[in-house]
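Chemist: Have a look at the structure that comes next, please.
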Amino acid sequence: MIDNILVANRGEIARRVFRTCATLGIARTAVFSDADAGSPHVAEADAAVRLPGNTPSETYLRADLLVEAARSAGADAVHPGYGFLSENAAFARAVLDAGLTWIGPPPAAIETMGSKVESKRLMDAAGVPVLSELDPAAVTESDLPVLVKASAGGGGRGMRVVRSLAELAEAVDSARAEAASAFGDPTVFCERYLETGRHIEVQVLADTHGTVWALGERECSIQRRHQKVVEEAPSPLVHDAMRTELFDAARKAAKAIDYVGAGTVEFLATDDGRFYFLEMNTRLQVEHPVTECVTGLDLVALQIRVAEGDRLPAEPPATRGHAIEVRLYAEDPAAGWQPQSGTLHRFEIPGVDTEFALGGEAGLRLDAGVVDGSVVGVHYDPMLAKVIAWAPTRAEAARRLARALAGARIHGLRTNRDLLVNVLRHEEFLAGRTDTAFLGRHGLDTLSRPLADERAVRWSATAAALAEAAANRATATTLGRLPAGWRNVPSAPLRKRYLCADTEIEATYRAGLRVDGAEVVEATPGRVVLDVDGVRRAFTVGRYPGLVCVDSALGAVDLVPVPRFTDPDAALAAGSLVAPMPGTVLRIAVRAGDTVAAGDPLLWLEAMKMEHRITAPADGEVTDLPVSVGDQVEPGTVLAVVTPKEQA
């Protein structure tokens, strides 16, 4: 029997495993980097061991430190979660060699499936349909488009789509560098790229007694940068005959490598029902909650029981209903998916029925790695939470999930929330017509459009101004009961300016019943109610240093107060390119004095385990390059100055 589990991970997945441990009466041991010292998973553990440093290579990728942490805390088992060392055979062996229980598949199975090149060859031999591997050096025009993929790891890192031979060399070099940084293995390969494939995967679970379950399929076709953002079970594409073939292929894959534990066999499918093996993830998947919702199983509990030697029943339970999960990221989709960092002042999803566990026959589940006040740094993936809706039908699940997300109060960081709501409400999504090109085909500019329209922004700015004025009156030492903007003689209205994205909005207010064409029903520091043409609208207002967050049924609006006076010395030189996010300068392609064309790469930043290319905005000369490889930069740091041709 397992008594104490160390989770060799962080954030949401550590909290998820701890939830099951608490249910089973198992002690919980956490590990944490310096950046994660205040994280919720640390507070929820019975014991926590510090891993000195911040970067993954210093902390969560150090097998020796993790094994020593388990020993020092008295843990007798290790759960790897997902990412980091979860698919590292050497780590699994180190855990076993230390006399600890490994809650995962045998190291040999991890090793076999850890190489996407070797695993494809093995699956082909086992009778599982595959897309043939291509040597990057042998790719020809007739092979295009191709996908460059890292042999190790996943999560969209080390992957590049190539549509012309001229792009291939740079894509291979970039993928190798990213794969080496993320997984410690620079090996890459190519395969034919299906522009409109459907990403279908089968959850498998196997015990040590020869039983292999296929627990249902998930569809994860809606992706950004080859990383999933919307997942659901079952797939709207898969019919009964196709499901039988998928399950048979998944079981063949698991049996071919004597698999034990939870794993996922991933396929790329076409609309006519053909499918091809992509890879096998030898771990729990991020999207496992949708399978838990439709089967009623606790997959983490089953992982633990299998590791303890328990036997699975001959057949898995039948599925029921439909579940949809979305990944809520701290990122700006409209700005090239730029990851965001900083303090999450408020994090509230309305209508949540349960966290990290199953509810009743239907409901809303939240698996979050953050709470109010959490600091999102630059060292790890920017996923904040997974929100999962489970209902009798797909349409009901989509509606419930969209409603909850639209009403969420997320203050301090930009997120992909509005994009997720727009996807869930899109007619093509509701019709089940999803594929890996969904975001590109329907237009990222449209899908990432804010839920709050122009009038909602204007009313939100008015509410922000009234709430601030009410707060000022509430703390006033004299005449504090007077209404905001009150004057005892006729006067011009008071004005307050805000920036919403790049647009400046001016709100006007004064004492009285109407402001900006709306009747003021209520105005307190945290809540404003306006009556507009007979319809009452309530706005909740959160104020933080340099930021005002206004939430209403019309959509969330983030406002930056504009100071009355500006510092002229703060202006940047023309042509300055600034860091869009905190990160590390990874590579530099130019030198001061070089001539560049618009779109030419100047340098690459690494942030949140992804590479971000900084390009020349126009033809010109690099007149300043104040950074070097390895520099840590903050948002707004000048990276380079490109002087346009006519000015150079």
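Going by the structure tokens order, chains are called A, B, ..., each with residues numbered from 1, while ligands are numbered from 1 in the order shown.
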Compile the contact shell of Leu586 (chain A) as a PyMOL selection string: residues with an atom at most 6 Å away, counting only C-alpha atoms, same-chain residues fewer than 6 positions apart removed.
Modeler: chain A and resi 604-606+629
Chemist: May I have the residues from that selection written out with C-alpha atoms, as a short mmCIF file (atom, residue, chain, number, x, y, z; two decimals), in the first residue's frame?
Modeler:
data_model
loop_
_atom_site.label_atom_id
_atom_site.label_comp_id
_atom_site.auth_asym_id
_atom_site.auth_seq_id
_atom_site.Cartn_x
_atom_site.Cartn_y
_atom_site.Cartn_z
CA TRP A 604 14.46 35.47 -30.43
CA LEU A 605 13.12 35.63 -26.90
CA GLU A 606 12.38 32.57 -24.79
CA VAL A 629 22.35 36.58 -25.68
#
Chemist: For the strand (DSSP E or B) assignment from backbone DSSP, which residues of region 229-265 of chain A qualify? Please present them as number ranges by chain.
Modeler: A: 229-233, 261-265
Chemist: Grab the residues selected above and save them as a PDB file, in the first residue's frame with N, CA and C atoms.
Modeler:
ATOM      1  N   VAL A 229      -6.440  23.677 -27.025  1.00  0.00           N
ATOM      2  CA  VAL A 229      -7.095  24.674 -26.178  1.00  0.00           C
ATOM      3  C   VAL A 229      -8.541  24.296 -25.859  1.00  0.00           C
ATOM      4  N   VAL A 230      -9.163  23.453 -26.707  1.00  0.00           N
ATOM      5  CA  VAL A 230     -10.518  22.960 -26.449  1.00  0.00           C
ATOM      6  C   VAL A 230     -10.511  21.451 -26.657  1.00  0.00           C
ATOM      7  N   GLU A 231     -11.023  20.730 -25.660  1.00  0.00           N
ATOM      8  CA  GLU A 231     -11.055  19.266 -25.750  1.00  0.00           C
ATOM      9  C   GLU A 231     -12.440  18.775 -25.345  1.00  0.00           C
ATOM     10  N   GLU A 232     -12.860  17.677 -25.928  1.00  0.00           N
ATOM     11  CA  GLU A 232     -14.190  17.173 -25.593  1.00  0.00           C
ATOM     12  C   GLU A 232     -14.268  15.662 -25.728  1.00  0.00           C
ATOM     13  N   ALA A 233     -15.247  15.099 -25.032  1.00  0.00           N
ATOM     14  CA  ALA A 233     -15.518  13.662 -25.124  1.00  0.00           C
ATOM     15  C   ALA A 233     -17.036  13.470 -25.043  1.00  0.00           C
ATOM     16  N   GLY A 261      -0.640   1.204 -16.680  1.00  0.00           N
ATOM     17  CA  GLY A 261      -1.007   2.524 -16.179  1.00  0.00           C
ATOM     18  C   GLY A 261      -1.859   3.288 -17.176  1.00  0.00           C
ATOM     19  N   ALA A 262      -1.985   4.606 -16.947  1.00  0.00           N
ATOM     20  CA  ALA A 262      -2.791   5.469 -17.815  1.00  0.00           C
ATOM     21  C   ALA A 262      -1.926   6.037 -18.927  1.00  0.00           C
ATOM     22  N   GLY A 263      -2.477   6.087 -20.117  1.00  0.00           N
ATOM     23  CA  GLY A 263      -1.764   6.651 -21.263  1.00  0.00           C
ATOM     24  C   GLY A 263      -2.756   7.063 -22.333  1.00  0.00           C
ATOM     25  N   THR A 264      -2.274   7.743 -23.336  1.00  0.00           N
ATOM     26  CA  THR A 264      -3.146   8.218 -24.414  1.00  0.00           C
ATOM     27  C   THR A 264      -2.513   7.920 -25.763  1.00  0.00           C
ATOM     28  N   VAL A 265      -3.279   7.302 -26.634  1.00  0.00           N
ATOM     29  CA  VAL A 265      -2.834   7.038 -27.998  1.00  0.00           C
ATOM     30  C   VAL A 265      -3.486   8.079 -28.891  1.00  0.00           C
TER      31      VAL A 265
END
Chemist: Which of these, A:Arg218, A:His199, A:Lys149, A:Arg176, has the shortest distance to Thr270 (chain A) once you count only C-alpha atoms?
Modeler: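 Between A:Arg218, A:His199, A:Lys149, A:Arg176, the residue approaching Thr270 (chain A) most closely is A:His199.
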Chemist: Which residues, written as a PyMOL selection string, have at least one atom at most 9 Å from region 88-91 of chain A, with only C-alpha atoms counted and residues fewer than 3 positions away on the same chain left out?
Modeler: chain A and resi 62-64+67+84-85+94-96+106-111+114
Chemist: Please provide the set of residues having any atom within 12 Å of Thr23 (chain A), restricted to only C-alpha atoms, with same-chain residues fewer than 3 positions apart removed, written as a PyMOL selection string.
Modeler: chain A and resi 16-20+26-28+298+300-301+356-357
Chemist: In Å, rounded to a single decimal, give me how far CA of Ile388 (chain A) is from CA of Glu325 (chain A).
Modeler: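 Pair CA of Glu325 (chain A) / CA of Ile388 (chain A) returns 4.2 Å.
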Chemist: For Ala406 (chain A), which residue out of A:Asp418, A:Glu287, A:Glu217, A:Glu361 is the nearest one, using only C-alpha atoms?
Modeler: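 Residue with the minimum atom-to-atom distance to Ala406 (chain A): A:Asp418.
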Chemist: Counting only C-alpha atoms, which residues of region 545-605 of chain A sit at most 8 Å from some atom of region 440-455 of chain A, and what is each one's closest atom pair with its distance in Å to one decimal, listed by chain and rising residue number, as CSV?
Modeler:
residue,atom,partner,partner_atom,distance
A:Leu554,CA,A:Ala452,CA,5.5
A:Gly555,CA,A:Ala452,CA,4.3
A:Ala556,CA,A:Ala452,CA,6.3
A:Val557,CA,A:Ala452,CA,6.8
Chemist: For Asp76 (chain A), find every residue with an atom within 12 Å (counting only C-alpha atoms), except residues of its own chain fewer than 6 positions away, and show them as a CSV table (one decimal) with C-alpha atoms, in the first residue's frame.
Modeler:
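After the write, selection-v9.csv holds the following:
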chain,number,residue,atom,x,y,z
A,1,MET,CA,0.0,0.0,0.0
A,2,ILE,CA,1.2,3.5,-0.8
A,3,ASP,CA,1.2,5.9,2.1
A,4,ASN,CA,2.9,9.1,0.9
A,5,ILE,CA,3.1,10.4,-2.7
A,6,LEU,CA,5.5,13.0,-3.9
A,7,VAL,CA,4.2,14.8,-7.0
A,26,ILE,CA,-2.6,9.2,1.3
A,27,ALA,CA,-0.1,11.8,2.5
A,28,ARG,CA,0.9,14.5,0.0
A,29,THR,CA,4.4,15.8,-0.6
A,67,VAL,CA,14.4,11.5,-5.7
A,68,GLU,CA,16.2,13.0,-2.8
A,69,ALA,CA,13.1,15.1,-2.0
A,70,ALA,CA,11.0,12.0,-1.8
A,95,VAL,CA,12.6,6.4,-8.8
A,96,LEU,CA,12.5,2.6,-8.9
A,98,ALA,CA,15.6,4.3,-5.0
A,99,GLY,CA,13.1,1.7,-3.8
A,100,LEU,CA,10.1,4.0,-4.5
A,101,THR,CA,6.9,3.1,-6.3
A,102,TRP,CA,6.6,4.7,-9.7
A,103,ILE,CA,3.0,5.7,-10.6
A,307,ALA,CA,0.7,0.9,-9.2
A,308,GLU,CA,-0.3,-1.0,-6.0
Chemist: Have a look at CA of Val578 (chain A) and CA of Val641 (chain A) and let me know their distance in Å, one decimal.
Modeler: 8.9 Å
Chemist: Let's see if you can do this: from backbone DSSP, list all helix (DSSP H, G or I) residues in region 383-553 of chain A, as a PyMOL selection string.
Modeler: chain A and resi 394-406+417-424+427-430+438-442+444-447+454-474
Chemist: Please list as a list in words every residue within 8 Å of Pro601 (chain A), counting only C-alpha atoms and excluding residues in the same chain fewer than 3 positions away.
Modeler: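 The residues satisfying every condition are Ala589, Trp604, Arg613, Ile614, Thr615 and Ala616 of chain A.
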Chemist: Dump N, CA and C atoms for the selected residues as a short mmCIF file (atom, residue, chain, number, x, y, z; two decimals), in the first residue's frame?
Modeler:
data_model
loop_
_atom_site.label_atom_id
_atom_site.label_comp_id
_atom_site.auth_asym_id
_atom_site.auth_seq_id
_atom_site.Cartn_x
_atom_site.Cartn_y
_atom_site.Cartn_z
N ALA A 589 20.20 37.62 -34.52
CA ALA A 589 20.51 37.36 -35.93
C ALA A 589 21.22 38.51 -36.61
N TRP A 604 15.49 36.35 -30.98
CA TRP A 604 14.46 35.47 -30.43
C TRP A 604 14.47 35.57 -28.92
N ARG A 613 9.77 35.26 -31.90
CA ARG A 613 10.65 35.95 -32.84
C ARG A 613 10.33 37.43 -32.90
N ILE A 614 11.36 38.27 -32.80
CA ILE A 614 11.22 39.71 -32.94
C ILE A 614 11.73 40.09 -34.32
N THR A 615 10.89 40.73 -35.12
CA THR A 615 11.24 41.02 -36.51
C THR A 615 11.30 42.52 -36.77
N ALA A 616 11.96 42.87 -37.88
CA ALA A 616 12.08 44.27 -38.28
C ALA A 616 10.72 44.79 -38.74
#
Chemist: Between A:Leu559, A:Met383, A:Ile324, A:Ile200, which has the minimum distance to Leu430 (chain A) (counting only C-alpha atoms)?
Modeler: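 Counting only C-alpha atoms, the residue closest to Leu430 (chain A) is A:Ile324.
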Chemist: Using only C-alpha atoms for the distances, tell me which of A:Asn9, A:Gln203, A:Ser33, A:Thr415 is nearest to Asn54 (chain A).
Modeler: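 Between A:Asn9, A:Gln203, A:Ser33, A:Thr415, the residue approaching Asn54 (chain A) most closely is A:Ser33.
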Chemist: Show me, as a PyMOL selection string, the residues that have an atom within 12 Å of His426 (chain A) when counting only C-alpha atoms, minus same-chain residues fewer than 3 positions from it.
Modeler: chain A and resi 395+398-399+402+419-423+429-434+438-439+442-443+446-448
Chemist: Between A:Leu302, A:Leu215, A:Ala456, A:Leu165, single out the one closest to Ala318 (chain A), counting only C-alpha atoms.
Modeler: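 Among A:Leu302, A:Leu215, A:Ala456, A:Leu165, it is A:Leu215 that comes nearest to Ala318 (chain A).
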Chemist: Nearest residue to His379 (chain A) out of A:Val162, A:Ala464, A:Met581, A:Ala138, using only C-alpha atoms?
Modeler: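 Looking only at the distances to His379 (chain A), the closest residue turns out to be A:Met581.
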